[in-house]
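K.L.:
File input.pdb below, PDB, C-alpha atoms, pLDDT in the B column:
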ATOM      1  CA  ILE H 287     -29.994   4.665  41.886  1.00 85.00           C
ATOM      2  CA  ARG H 288     -28.516   6.193  38.742  1.00 85.00           C
ATOM      3  CA  ARG H 289     -25.582   7.555  40.739  1.00 86.00           C
ATOM      4  CA  ASP H 290     -25.004   4.126  42.299  1.00 84.00           C
ATOM      5  CA  ILE H 291     -25.097   2.450  38.896  1.00 82.00           C
ATOM      6  CA  ALA H 292     -22.680   5.036  37.495  1.00 83.00           C
ATOM      7  CA  GLU H 293     -20.242   4.400  40.344  1.00 80.00           C
ATOM      8  CA  LEU H 294     -20.498   0.609  40.008  1.00 76.00           C
ATOM      9  CA  SER H 295     -20.007   0.936  36.261  1.00 76.00           C
ATOM     10  CA  GLU H 296     -16.797   2.928  36.785  1.00 74.00           C
ATOM     11  CA  LEU H 297     -15.587   0.106  39.026  1.00 64.00           C
ATOM     12  CA  ARG H 298     -16.616  -2.354  36.287  1.00 62.00           C
ATOM     13  CA  ALA H 299     -18.803  -4.210  38.794  1.00 66.00           C
ATOM     14  CA  VAL H 300     -21.839  -3.838  36.523  1.00 70.00           C
ATOM     15  CA  THR H 301     -22.493  -3.103  32.866  1.00 75.00           C
ATOM     16  CA  ARG H 302     -24.864  -0.199  32.203  1.00 79.00           C
ATOM     17  CA  THR H 303     -27.828  -0.933  29.968  1.00 76.00           C
ATOM     18  CA  HIS H 304     -30.720   1.155  28.711  1.00 74.00           C
ATOM     19  CA  GLY H 305     -32.807   1.752  31.817  1.00 75.00           C
ATOM     20  CA  GLY H 306     -30.692  -0.290  34.213  1.00 80.00           C
ATOM     21  CA  ALA H 307     -27.635  -2.484  34.655  1.00 78.00           C
ATOM     22  CA  SER H 308     -26.556  -6.106  34.482  1.00 72.00           C
ATOM     23  CA  LEU H 309     -23.681  -8.158  35.800  1.00 63.00           C
ATOM     24  CA  PRO H 310     -20.730  -8.188  33.395  1.00 59.00           C
ATOM     25  CA  GLN H 311     -20.454 -11.311  31.306  1.00 60.00           C
ATOM     26  CA  ARG H 312     -17.088 -12.921  30.638  1.00 53.00           C
ATOM     27  CA  ARG H 313     -16.591 -12.555  26.914  1.00 62.00           C
ATOM     28  CA  GLU H 314     -15.474 -15.457  24.798  1.00 68.00           C
ATOM     29  CA  GLU H 315     -13.518 -14.913  21.630  1.00 77.00           C
ATOM     30  CA  LEU H 316     -15.746 -14.741  18.587  1.00 72.00           C
ATOM     31  CA  PRO H 317     -14.968 -16.754  15.437  1.00 72.00           C
ATOM     32  CA  PHE H 318     -13.063 -14.816  12.799  1.00 72.00           C
ATOM     33  CA  ASP H 319     -16.052 -14.402  10.456  1.00 73.00           C
ATOM     34  CA  ALA H 320     -18.156 -12.993  13.293  1.00 72.00           C
ATOM     35  CA  LYS H 321     -15.378 -10.569  14.245  1.00 79.00           C
ATOM     36  CA  VAL H 322     -15.231  -9.302  10.662  1.00 79.00           C
ATOM     37  CA  MET H 323     -18.864  -8.187  10.829  1.00 81.00           C
ATOM     38  CA  SER H 324     -18.692  -6.716  14.337  1.00 83.00           C
ATOM     39  CA  PHE H 325     -18.553  -2.884  14.191  1.00 89.00           C
ATOM     40  CA  LEU H 326     -17.657  -3.119  10.493  1.00 91.00           C
ATOM     41  CA  PRO H 327     -18.448   0.527   9.533  1.00 94.00           C
ATOM     42  CA  GLU H 328     -16.312   1.754  12.434  1.00 95.00           C
ATOM     43  CA  LYS H 329     -13.456  -0.561  11.461  1.00 95.00           C
ATOM     44  CA  ARG H 330     -13.585   0.656   7.882  1.00 96.00           C
ATOM     45  CA  ARG H 331     -13.320   4.280   8.987  1.00 97.00           C
ATOM     46  CA  ILE H 332     -10.413   3.421  11.278  1.00 97.00           C
ATOM     47  CA  GLY H 333      -8.642   1.512   8.517  1.00 96.00           C
ATOM     48  CA  ALA H 334      -9.025   4.287   5.961  1.00 96.00           C
ATOM     49  CA  HIS H 335      -7.711   6.889   8.402  1.00 97.00           C
ATOM     50  CA  VAL H 336      -4.701   4.811   9.432  1.00 97.00           C
ATOM     51  CA  GLY H 337      -3.873   4.184   5.786  1.00 95.00           C
ATOM     52  CA  SER H 338      -3.810   7.938   5.184  1.00 96.00           C
ATOM     53  CA  MET H 339      -1.356   8.363   8.080  1.00 97.00           C
ATOM     54  CA  ILE H 340       1.257   5.943   6.739  1.00 96.00           C
ATOM     55  CA  ALA H 341       4.139   7.609   4.893  1.00 95.00           C
ATOM     56  CA  PRO H 342       5.229   6.109   1.555  1.00 93.00           C
ATOM     57  CA  GLY H 343       8.537   4.302   1.815  1.00 94.00           C
ATOM     58  CA  SER H 344       7.962   3.274   5.426  1.00 96.00           C
ATOM     59  CA  THR H 345       8.766  -0.109   6.895  1.00 97.00           C
ATOM     60  CA  ILE H 346       5.621  -1.272   8.649  1.00 96.00           C
ATOM     61  CA  ALA H 347       4.831  -4.153  10.992  1.00 96.00           C
ATOM     62  CA  LEU H 348       1.219  -5.189  10.599  1.00 94.00           C
ATOM     63  CA  GLY H 349      -0.492  -7.458  13.081  1.00 92.00           C
ATOM     64  CA  GLY H 350      -3.510  -9.586  12.360  1.00 86.00           C
ATOM     65  CA  GLY H 351      -7.116  -8.887  13.220  1.00 86.00           C
ATOM     66  CA  THR H 352     -10.235  -7.610  11.568  1.00 90.00           C
ATOM     67  CA  THR H 353      -9.597  -3.919  12.234  1.00 93.00           C
ATOM     68  CA  VAL H 354      -6.057  -4.097  10.880  1.00 92.00           C
ATOM     69  CA  MET H 355      -7.246  -5.761   7.672  1.00 90.00           C
ATOM     70  CA  GLN H 356      -9.401  -2.691   6.924  1.00 93.00           C
ATOM     71  CA  ILE H 357      -6.179  -0.720   6.393  1.00 93.00           C
ATOM     72  CA  LEU H 358      -5.284  -2.704   3.276  1.00 89.00           C
ATOM     73  CA  PRO H 359      -7.546  -0.917   0.773  1.00 89.00           C
ATOM     74  CA  ALA H 360      -5.892   2.395   1.691  1.00 90.00           C
ATOM     75  CA  ILE H 361      -2.295   1.187   1.257  1.00 90.00           C
ATOM     76  CA  ARG H 362      -2.567  -1.298  -1.598  1.00 86.00           C
ATOM     77  CA  ARG H 363      -1.007   1.116  -4.113  1.00 86.00           C
ATOM     78  CA  MET H 364       1.618   2.559  -1.785  1.00 90.00           C
ATOM     79  CA  GLU H 365       5.344   1.917  -1.930  1.00 90.00           C
ATOM     80  CA  LEU H 366       5.896   0.213   1.421  1.00 92.00           C
ATOM     81  CA  LYS H 367       7.838  -2.574   3.049  1.00 94.00           C
ATOM     82  CA  LEU H 368       5.376  -4.610   5.050  1.00 92.00           C
ATOM     83  CA  VAL H 369       6.144  -7.423   7.488  1.00 94.00           C
ATOM     84  CA  THR H 370       3.041  -9.135   8.772  1.00 92.00           C
ATOM     85  CA  THR H 371       1.610 -12.110  10.624  1.00 91.00           C
ATOM     86  CA  ALA H 372      -1.674 -11.859   8.693  1.00 84.00           C
ATOM     87  CA  LEU H 373      -2.382 -14.282   5.855  1.00 71.00           C
ATOM     88  CA  ASP H 374      -4.595 -12.646   3.259  1.00 68.00           C
ATOM     89  CA  LEU H 375      -2.761  -9.719   1.688  1.00 67.00           C
ATOM     90  CA  ARG H 376      -3.586 -10.409  -1.940  1.00 63.00           C
ATOM     91  CA  ASP H 377      -5.202  -6.977  -2.295  1.00 63.00           C
ATOM     92  CA  ALA H 378      -1.968  -5.201  -1.379  1.00 64.00           C
ATOM     93  CA  SER H 379      -0.653  -5.728  -4.884  1.00 66.00           C
ATOM     94  CA  ASP H 380       1.967  -2.934  -4.947  1.00 74.00           C
ATOM     95  CA  VAL H 381       3.304  -3.471  -1.425  1.00 84.00           C
ATOM     96  CA  ALA H 382       6.472  -5.482  -0.766  1.00 88.00           C
ATOM     97  CA  VAL H 383       5.087  -8.054   1.675  1.00 87.00           C
ATOM     98  CA  THR H 384       7.082 -10.357   3.933  1.00 90.00           C
ATOM     99  CA  LEU H 385       5.158 -12.993   5.855  1.00 90.00           C
ATOM    100  CA  THR H 386       6.693 -13.912   9.194  1.00 94.00           C
ATOM    101  CA  GLY H 387       5.951 -17.610   8.946  1.00 92.00           C
ATOM    102  CA  GLY H 388       5.133 -19.524  12.097  1.00 93.00           C
ATOM    103  CA  THR H 389       2.195 -21.540  13.391  1.00 93.00           C
ATOM    104  CA  LEU H 390      -1.255 -20.684  12.096  1.00 91.00           C
ATOM    105  CA  ARG H 391      -3.765 -19.592  14.716  1.00 88.00           C
ATOM    106  CA  ARG H 392      -6.983 -20.296  12.864  1.00 83.00           C
ATOM    107  CA  ARG H 393      -9.174 -18.348  15.240  1.00 79.00           C
ATOM    108  CA  THR H 394      -7.608 -15.095  14.030  1.00 82.00           C
ATOM    109  CA  ALA H 395      -6.035 -16.213  10.712  1.00 82.00           C
ATOM    110  CA  GLU H 396      -2.545 -15.103  11.728  1.00 89.00           C
ATOM    111  CA  MET H 397       0.839 -16.610  12.492  1.00 91.00           C
ATOM    112  CA  VAL H 398       2.259 -17.073  15.987  1.00 93.00           C
ATOM    113  CA  GLY H 399       5.169 -18.878  17.620  1.00 95.00           C
ATOM    114  CA  HIS H 400       8.956 -18.647  17.709  1.00 95.00           C
ATOM    115  CA  ILE H 401       9.433 -18.527  13.914  1.00 96.00           C
ATOM    116  CA  ALA H 402       7.197 -15.453  13.656  1.00 95.00           C
ATOM    117  CA  GLU H 403       8.941 -13.869  16.647  1.00 96.00           C
ATOM    118  CA  ARG H 404      12.408 -14.498  15.203  1.00 96.00           C
ATOM    119  CA  THR H 405      11.466 -12.939  11.854  1.00 96.00           C
ATOM    120  CA  LEU H 406      10.138  -9.812  13.562  1.00 96.00           C
ATOM    121  CA  ARG H 407      13.258  -9.399  15.696  1.00 96.00           C
ATOM    122  CA  ASP H 408      15.378  -9.152  12.539  1.00 96.00           C
ATOM    123  CA  VAL H 409      13.662  -5.921  11.410  1.00 97.00           C
ATOM    124  CA  ASN H 410      13.486  -2.370  12.742  1.00 97.00           C
ATOM    125  CA  PHE H 411      10.109  -0.828  11.940  1.00 98.00           C
ATOM    126  CA  ASP H 412       9.041   2.755  11.481  1.00 98.00           C
ATOM    127  CA  VAL H 413       5.554   1.886  12.707  1.00 98.00           C
ATOM    128  CA  ALA H 414       3.867  -1.187  14.173  1.00 98.00           C
ATOM    129  CA  VAL H 415       0.099  -1.302  13.678  1.00 97.00           C
ATOM    130  CA  ILE H 416      -1.511  -3.683  16.136  1.00 96.00           C
ATOM    131  CA  GLY H 417      -5.093  -4.697  16.822  1.00 95.00           C
ATOM    132  CA  VAL H 418      -6.098  -5.615  20.378  1.00 96.00           C
ATOM    133  CA  ASP H 419      -9.113  -7.071  22.169  1.00 94.00           C
ATOM    134  CA  GLY H 420      -8.788  -5.003  25.331  1.00 96.00           C
ATOM    135  CA  ILE H 421      -7.494  -1.578  26.409  1.00 97.00           C
ATOM    136  CA  ASP H 422      -7.434  -0.993  30.151  1.00 95.00           C
ATOM    137  CA  ALA H 423      -5.456   1.262  32.494  1.00 93.00           C
ATOM    138  CA  GLN H 424      -4.411  -1.582  34.781  1.00 92.00           C
ATOM    139  CA  GLY H 425      -4.364  -4.488  32.331  1.00 94.00           C
ATOM    140  CA  GLY H 426      -2.821  -2.559  29.448  1.00 96.00           C
ATOM    141  CA  LEU H 427      -3.212  -3.972  25.949  1.00 97.00           C
ATOM    142  CA  THR H 428      -4.682  -7.463  26.057  1.00 96.00           C
ATOM    143  CA  THR H 429      -5.978 -10.281  23.901  1.00 95.00           C
ATOM    144  CA  TYR H 430      -7.271 -13.816  24.352  1.00 93.00           C
ATOM    145  CA  ASP H 431      -4.250 -15.929  23.400  1.00 93.00           C
ATOM    146  CA  SER H 432      -0.785 -15.739  24.973  1.00 94.00           C
ATOM    147  CA  SER H 433       1.083 -16.801  21.816  1.00 94.00           C
ATOM    148  CA  GLU H 434      -0.634 -14.055  19.825  1.00 94.00           C
ATOM    149  CA  ALA H 435       0.099 -11.572  22.609  1.00 96.00           C
ATOM    150  CA  TYR H 436       3.804 -12.358  22.580  1.00 96.00           C
ATOM    151  CA  VAL H 437       4.156 -11.903  18.807  1.00 96.00           C
ATOM    152  CA  ASN H 438       2.431  -8.533  19.081  1.00 96.00           C
ATOM    153  CA  ARG H 439       4.756  -7.602  21.944  1.00 97.00           C
ATOM    154  CA  VAL H 440       7.781  -8.292  19.748  1.00 97.00           C
ATOM    155  CA  MET H 441       6.295  -6.036  17.040  1.00 96.00           C
ATOM    156  CA  LEU H 442       5.855  -3.297  19.633  1.00 96.00           C
ATOM    157  CA  GLU H 443       9.438  -3.644  20.868  1.00 97.00           C
ATOM    158  CA  GLN H 444      10.896  -3.440  17.344  1.00 98.00           C
ATOM    159  CA  ALA H 445       9.008  -0.305  16.276  1.00 98.00           C
ATOM    160  CA  ARG H 446       9.834   3.391  16.545  1.00 97.00           C
ATOM    161  CA  GLU H 447       6.115   4.167  16.827  1.00 98.00           C
ATOM    162  CA  VAL H 448       3.250   1.924  17.951  1.00 98.00           C
ATOM    163  CA  TRP H 449      -0.274   2.540  16.676  1.00 98.00           C
ATOM    164  CA  ILE H 450      -3.167   0.624  18.215  1.00 98.00           C
ATOM    165  CA  VAL H 451      -6.315   0.229  16.121  1.00 98.00           C
ATOM    166  CA  ALA H 452      -9.450  -0.666  18.065  1.00 96.00           C
ATOM    167  CA  ASP H 453     -13.137   0.121  17.911  1.00 95.00           C
ATOM    168  CA  HIS H 454     -14.740   1.660  20.998  1.00 95.00           C
ATOM    169  CA  SER H 455     -15.934  -1.689  22.402  1.00 93.00           C
ATOM    170  CA  LYS H 456     -12.335  -2.600  23.310  1.00 95.00           C
ATOM    171  CA  PHE H 457     -11.957   0.159  25.909  1.00 96.00           C
ATOM    172  CA  GLY H 458     -12.345  -0.998  29.509  1.00 94.00           C
ATOM    173  CA  GLN H 459     -11.845  -4.637  28.516  1.00 93.00           C
ATOM    174  CA  CYS H 460      -9.109  -6.709  30.138  1.00 94.00           C
ATOM    175  CA  LEU H 461      -8.494 -10.135  28.590  1.00 94.00           C
ATOM    176  CA  PRO H 462      -6.252 -12.929  29.938  1.00 93.00           C
ATOM    177  CA  ALA H 463      -3.142 -12.383  27.782  1.00 95.00           C
ATOM    178  CA  GLN H 464      -1.283  -9.097  28.186  1.00 96.00           C
ATOM    179  CA  ILE H 465       0.514  -7.716  25.148  1.00 97.00           C
ATOM    180  CA  ALA H 466       2.062  -4.731  26.927  1.00 96.00           C
ATOM    181  CA  PRO H 467       1.266  -1.874  29.324  1.00 95.00           C
ATOM    182  CA  LEU H 468      -0.176   1.294  27.829  1.00 95.00           C
ATOM    183  CA  GLU H 469       3.210   3.015  28.161  1.00 91.00           C
ATOM    184  CA  GLY H 470       5.096   2.852  24.879  1.00 89.00           C
ATOM    185  CA  VAL H 471       2.016   3.288  22.687  1.00 97.00           C
ATOM    186  CA  SER H 472       2.227   6.347  20.437  1.00 97.00           C
ATOM    187  CA  LYS H 473      -1.332   6.522  19.101  1.00 98.00           C
ATOM    188  CA  ILE H 474      -4.688   4.817  19.490  1.00 98.00           C
ATOM    189  CA  ILE H 475      -6.986   5.143  16.511  1.00 98.00           C
ATOM    190  CA  THR H 476     -10.598   4.398  17.391  1.00 98.00           C
ATOM    191  CA  ASP H 477     -14.100   5.527  16.372  1.00 97.00           C
ATOM    192  CA  THR H 478     -16.395   8.282  17.575  1.00 96.00           C
ATOM    193  CA  GLY H 479     -18.254   5.836  19.800  1.00 95.00           C
ATOM    194  CA  ALA H 480     -15.376   6.127  22.277  1.00 96.00           C
ATOM    195  CA  SER H 481     -16.450   8.635  24.925  1.00 95.00           C
ATOM    196  CA  ASP H 482     -14.168  11.039  26.772  1.00 96.00           C
ATOM    197  CA  ALA H 483     -14.417   8.783  29.833  1.00 95.00           C
ATOM    198  CA  MET H 484     -13.384   5.715  27.813  1.00 95.00           C
ATOM    199  CA  ILE H 485     -10.211   7.302  26.506  1.00 96.00           C
ATOM    200  CA  ALA H 486      -9.280   9.263  29.635  1.00 95.00           C
ATOM    201  CA  ASP H 487      -6.773   6.694  30.949  1.00 94.00           C
ATOM    202  CA  ALA H 488      -5.022   6.462  27.601  1.00 95.00           C
ATOM    203  CA  LYS H 489      -4.682  10.223  27.375  1.00 95.00           C
ATOM    204  CA  LEU H 490      -3.331  10.362  30.939  1.00 94.00           C
ATOM    205  CA  ALA H 491      -0.678   7.882  29.821  1.00 93.00           C
ATOM    206  CA  GLY H 492       0.412  10.404  27.173  1.00 95.00           C
ATOM    207  CA  ILE H 493      -1.112   8.562  24.227  1.00 97.00           C
ATOM    208  CA  GLU H 494      -2.563  10.501  21.311  1.00 97.00           C
ATOM    209  CA  VAL H 495      -6.111   9.215  20.778  1.00 98.00           C
ATOM    210  CA  LEU H 496      -7.754   9.807  17.395  1.00 98.00           C
ATOM    211  CA  ARG H 497     -11.523   9.291  17.081  1.00 98.00           C
ATOM    212  CA  VAL H 498     -12.534   8.942  13.435  1.00 96.00           C
TER
END
Let me see the file written as structure tokens.
P.N.:
Amino acid sequence: IRRDIAELSELRAVTRTHGGASLPQRREELPFDAKVMSFLPEKRRIGAHVGSMIAPGSTIALGGGTTVMQILPAIRRMELKLVTTALDLRDASDVAVTLTGGTLRRRTAEMVGHIAERTLRDVNFDVAVIGVDGIDAQGGLTTYDSSEAYVNRVMLEQAREVWIVADHSKFGQCLPAQIAPLEGVSKIITDTGASDAMIADAKLAGIEVLRV
């Protein structure tokens, strides 16, 4: 039975639980405040590590999301040029911040739409740091909303390097809106809850995966 459950789990036909398995439930997007609290210690570790990886003087594209926002304490005193769709960057007091403008998506507190896309296309970035809701070999990088996905795709296209920040719960998830295939991603920074099996597809795609 355990072997059968393991095989079905690999096919994503069931979700393994302690002592058994259950049918996978279609996830609905959590409200922003609930996302902030979900896996918060892991997100803080990811954010601190990513902040330490950013070189002073860089031009950075920063997406929205609750994992991305945990980077801010680590870069607030750095000399950077930052272009972002996120709204609350008051703590980044020494960073030169450009907001893309656009239409507010309240569910994630970030800007989407053609104004945001046009702003991003005017800049070449050293690094784009993007949060996602799903990482899957077939589905690629995904999220819930197509307008948010497209803005993130533009960030990815304009950057020399693409760093994905995501806690371990995002692996194996495939949401309706595709941002991009896994190809083109430079690094994925996640937490130690991500098993070797979870990150295997990303590593096969040539992506450097950091578990912090």
K.L.:
Which one of H:Asp380, H:Glu469, H:Glu293, H:Asp408 sits closest to Ala307 of chain H if you count only C-alpha atoms?
P.N.:
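For Ala307 of chain H, the nearest of the given residues is H:Glu293.
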K.L.:
Using the chain letters and residue numbers of this document, give as a list in words the residues selected by the PyMOL selection byres ((chain H and resi 473) around 7).
P.N.:
Val448, Trp449, Ile450, Val471, Ser472, Ile474, Ile475, Ile493, Glu494 and Val495 of chain H
K.L.:
Rank nothing, just name the residue among H:Glu296, H:Ala423, H:Thr429, H:Ile401 nearest to Ile485 of chain H, using only C-alpha atoms.
P.N.:
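Answer, going by the shortest atom-to-atom distance: H:Ala423.
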K.L.:
Specify as a JSON list (two decimals) with C-alpha atoms, keeping the file's coordinate frame each residue included when the PyMOL selection byres ((chain H and resi 432) around 9) is applied to this file.
P.N.:
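Written output follows (expr38.json):
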[["chain", "number", "residue", "atom", "x", "y", "z"],
["H", 429, "THR", "CA", -5.98, -10.28, 23.90],
["H", 430, "TYR", "CA", -7.27, -13.82, 24.35],
["H", 431, "ASP", "CA", -4.25, -15.93, 23.40],
["H", 433, "SER", "CA", 1.08, -16.80, 21.82],
["H", 434, "GLU", "CA", -0.63, -14.06, 19.82],
["H", 435, "ALA", "CA", 0.10, -11.57, 22.61],
["H", 436, "TYR", "CA", 3.80, -12.36, 22.58],
["H", 437, "VAL", "CA", 4.16, -11.90, 18.81],
["H", 462, "PRO", "CA", -6.25, -12.93, 29.94],
["H", 463, "ALA", "CA", -3.14, -12.38, 27.78],
["H", 464, "GLN", "CA", -1.28, -9.10, 28.19],
["H", 465, "ILE", "CA", 0.51, -7.72, 25.15]]
K.L.:
When you count all atoms listed in the file, which of these residues is closest to Thr353 of chain H: H:Met441, H:Val398, H:Val322, H:Val498?
P.N.:
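Result for the nearest residue to Thr353 of chain H: H:Val322.
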K.L.:
Assuming the chain letters and numbering stay as they are in my file, what does the PyMOL selection byres ((chain H and resi 468) around 9) actually select? List them as a list in words.
P.N.:
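Given this file, the PyMOL selection byres ((chain H and resi 468) around 9) evaluates to Ile421, Asp422, Ala423, Gln424, Gly425, Gly426, Leu427, Ala466, Pro467, Glu469, Gly470, Val471, Ala488, Ala491 and Ile493 of chain H.
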K.L.:
Measure the distance from atom CA of Gly349 of chain H to atom CA of Leu490 of chain H in Å and round it to one decimal.
P.N.:
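We find that atom CA of Gly349 of chain H and atom CA of Leu490 of chain H lie 25.4 Å from each other.
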K.L.:
Could you check which of H:Thr476, H:Thr371, H:Thr389, H:Ser481 is closest to His335 of chain H, using only C-alpha atoms?
P.N.:
H:Thr476
K.L.:
Using all atoms listed in the file for the distances, tell me which of H:Ala360, H:Leu326, H:Ile340, H:Cys460 is nearest to Thr428 of chain H.
P.N.:
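Of all the options, H:Cys460 lies closest to Thr428 of chain H.
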K.L.:
Report the distance between atom CA of Ser324 of chain H and atom CA of Asp477 of chain H in Å, rounded to one decimal place.
P.N.:
13.2 Å
K.L.:
In Å, rounded to a single decimal, give me how far atom CA of Asp482 of chain H is from atom CA of Gly417 of chain H.
P.N.:
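These atoms are spaced 20.7 Å apart.
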K.L.:
Counting all atoms listed in the file, which residue out of H:Pro327, H:Gly492, H:Gly399, H:Gly305 sits closest to Val440 of chain H?
P.N.:
H:Gly399
K.L.:
Find the spatial neighbours of Phe325 of chain H, counting all atoms listed in the file, within a cut-off of 12 Å - ignore same-chain residues fewer than 2 positions away - and output them as a list in words.
P.N.:
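My reading of the contact set: Ala320, Lys321, Val322, Met323, Pro327, Glu328, Lys329, Arg330, Arg331, Ile332, Thr352, Thr353, Gln356, Ala452, Asp453, His454, Ser455, Lys456, Thr476, Asp477, Thr478 and Gly479 of chain H.
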K.L.:
Would you output segment 334-358 of chain H from that structure, restricted to N, CA and C atoms, as a PDB file, in the first residue's frame?
P.N.:
ATOM      1  N   ALA H 334      16.319  36.992   3.921  1.00  0.00           N
ATOM      2  CA  ALA H 334      17.633  37.417   4.417  1.00  0.00           C
ATOM      3  C   ALA H 334      18.748  36.900   3.519  1.00  0.00           C
ATOM      4  N   HIS H 335      18.619  35.661   3.049  1.00  0.00           N
ATOM      5  CA  HIS H 335      19.666  35.087   2.205  1.00  0.00           C
ATOM      6  C   HIS H 335      19.717  35.789   0.850  1.00  0.00           C
ATOM      7  N   VAL H 336      18.561  36.040   0.268  1.00  0.00           N
ATOM      8  CA  VAL H 336      18.535  36.721  -1.034  1.00  0.00           C
ATOM      9  C   VAL H 336      19.123  38.120  -0.904  1.00  0.00           C
ATOM     10  N   GLY H 337      18.797  38.802   0.182  1.00  0.00           N
ATOM     11  CA  GLY H 337      19.356  40.136   0.390  1.00  0.00           C
ATOM     12  C   GLY H 337      20.872  40.117   0.431  1.00  0.00           C
ATOM     13  N   SER H 338      21.448  39.067   1.024  1.00  0.00           N
ATOM     14  CA  SER H 338      22.901  38.958   1.100  1.00  0.00           C
ATOM     15  C   SER H 338      23.537  38.644  -0.255  1.00  0.00           C
ATOM     16  N   MET H 339      22.737  38.162  -1.199  1.00  0.00           N
ATOM     17  CA  MET H 339      23.248  37.813  -2.528  1.00  0.00           C
ATOM     18  C   MET H 339      23.264  38.999  -3.493  1.00  0.00           C
ATOM     19  N   ILE H 340      22.523  40.044  -3.179  1.00  0.00           N
ATOM     20  CA  ILE H 340      22.390  41.178  -4.085  1.00  0.00           C
ATOM     21  C   ILE H 340      23.613  42.084  -3.967  1.00  0.00           C
ATOM     22  N   ALA H 341      24.211  42.411  -5.104  1.00  0.00           N
ATOM     23  CA  ALA H 341      25.414  43.246  -5.120  1.00  0.00           C
ATOM     24  C   ALA H 341      25.035  44.721  -5.055  1.00  0.00           C
ATOM     25  N   PRO H 342      25.696  45.507  -4.204  1.00  0.00           N
ATOM     26  CA  PRO H 342      25.454  46.947  -4.180  1.00  0.00           C
ATOM     27  C   PRO H 342      25.663  47.560  -5.562  1.00  0.00           C
ATOM     28  N   GLY H 343      24.827  48.528  -5.877  1.00  0.00           N
ATOM     29  CA  GLY H 343      24.899  49.184  -7.174  1.00  0.00           C
ATOM     30  C   GLY H 343      24.104  48.510  -8.266  1.00  0.00           C
ATOM     31  N   SER H 344      23.470  47.389  -7.954  1.00  0.00           N
ATOM     32  CA  SER H 344      22.702  46.651  -8.958  1.00  0.00           C
ATOM     33  C   SER H 344      21.391  47.366  -9.284  1.00  0.00           C
ATOM     34  N   THR H 345      20.875  47.034 -10.449  1.00  0.00           N
ATOM     35  CA  THR H 345      19.523  47.445 -10.834  1.00  0.00           C
ATOM     36  C   THR H 345      18.637  46.207 -10.739  1.00  0.00           C
ATOM     37  N   ILE H 346      17.661  46.265  -9.854  1.00  0.00           N
ATOM     38  CA  ILE H 346      16.884  45.094  -9.480  1.00  0.00           C
ATOM     39  C   ILE H 346      15.413  45.297  -9.819  1.00  0.00           C
ATOM     40  N   ALA H 347      14.806  44.269 -10.398  1.00  0.00           N
ATOM     41  CA  ALA H 347      13.345  44.224 -10.543  1.00  0.00           C
ATOM     42  C   ALA H 347      12.806  43.366  -9.413  1.00  0.00           C
ATOM     43  N   LEU H 348      11.842  43.895  -8.690  1.00  0.00           N
ATOM     44  CA  LEU H 348      11.306  43.194  -7.534  1.00  0.00           C
ATOM     45  C   LEU H 348       9.801  43.021  -7.714  1.00  0.00           C
ATOM     46  N   GLY H 349       9.375  41.765  -7.784  1.00  0.00           N
ATOM     47  CA  GLY H 349       7.954  41.494  -7.877  1.00  0.00           C
ATOM     48  C   GLY H 349       7.272  41.679  -6.538  1.00  0.00           C
ATOM     49  N   GLY H 350       5.978  41.424  -6.519  1.00  0.00           N
ATOM     50  CA  GLY H 350       5.244  41.485  -5.266  1.00  0.00           C
ATOM     51  C   GLY H 350       5.255  40.134  -4.584  1.00  0.00           C
ATOM     52  N   GLY H 351       4.494  40.030  -3.504  1.00  0.00           N
ATOM     53  CA  GLY H 351       4.375  38.753  -2.816  1.00  0.00           C
ATOM     54  C   GLY H 351       4.997  38.784  -1.439  1.00  0.00           C
ATOM     55  N   THR H 352       4.551  37.869  -0.613  1.00  0.00           N
ATOM     56  CA  THR H 352       4.942  37.885   0.791  1.00  0.00           C
ATOM     57  C   THR H 352       6.328  37.319   1.042  1.00  0.00           C
ATOM     58  N   THR H 353       6.854  36.515   0.138  1.00  0.00           N
ATOM     59  CA  THR H 353       8.246  36.068   0.285  1.00  0.00           C
ATOM     60  C   THR H 353       9.198  37.172  -0.165  1.00  0.00           C
ATOM     61  N   VAL H 354       8.867  37.818  -1.259  1.00  0.00           N
ATOM     62  CA  VAL H 354       9.705  38.908  -1.764  1.00  0.00           C
ATOM     63  C   VAL H 354       9.828  40.027  -0.728  1.00  0.00           C
ATOM     64  N   MET H 355       8.734  40.345  -0.044  1.00  0.00           N
ATOM     65  CA  MET H 355       8.781  41.459   0.902  1.00  0.00           C
ATOM     66  C   MET H 355       9.728  41.193   2.073  1.00  0.00           C
ATOM     67  N   GLN H 356      10.069  39.925   2.323  1.00  0.00           N
ATOM     68  CA  GLN H 356      11.003  39.598   3.398  1.00  0.00           C
ATOM     69  C   GLN H 356      12.452  39.906   3.020  1.00  0.00           C
ATOM     70  N   ILE H 357      12.689  40.296   1.776  1.00  0.00           N
ATOM     71  CA  ILE H 357      14.018  40.714   1.348  1.00  0.00           C
ATOM     72  C   ILE H 357      14.325  42.130   1.831  1.00  0.00           C
ATOM     73  N   LEU H 358      13.309  42.938   2.003  1.00  0.00           N
ATOM     74  CA  LEU H 358      13.495  44.368   2.260  1.00  0.00           C
ATOM     75  C   LEU H 358      14.363  44.680   3.472  1.00  0.00           C
TER      76      LEU H 358
END
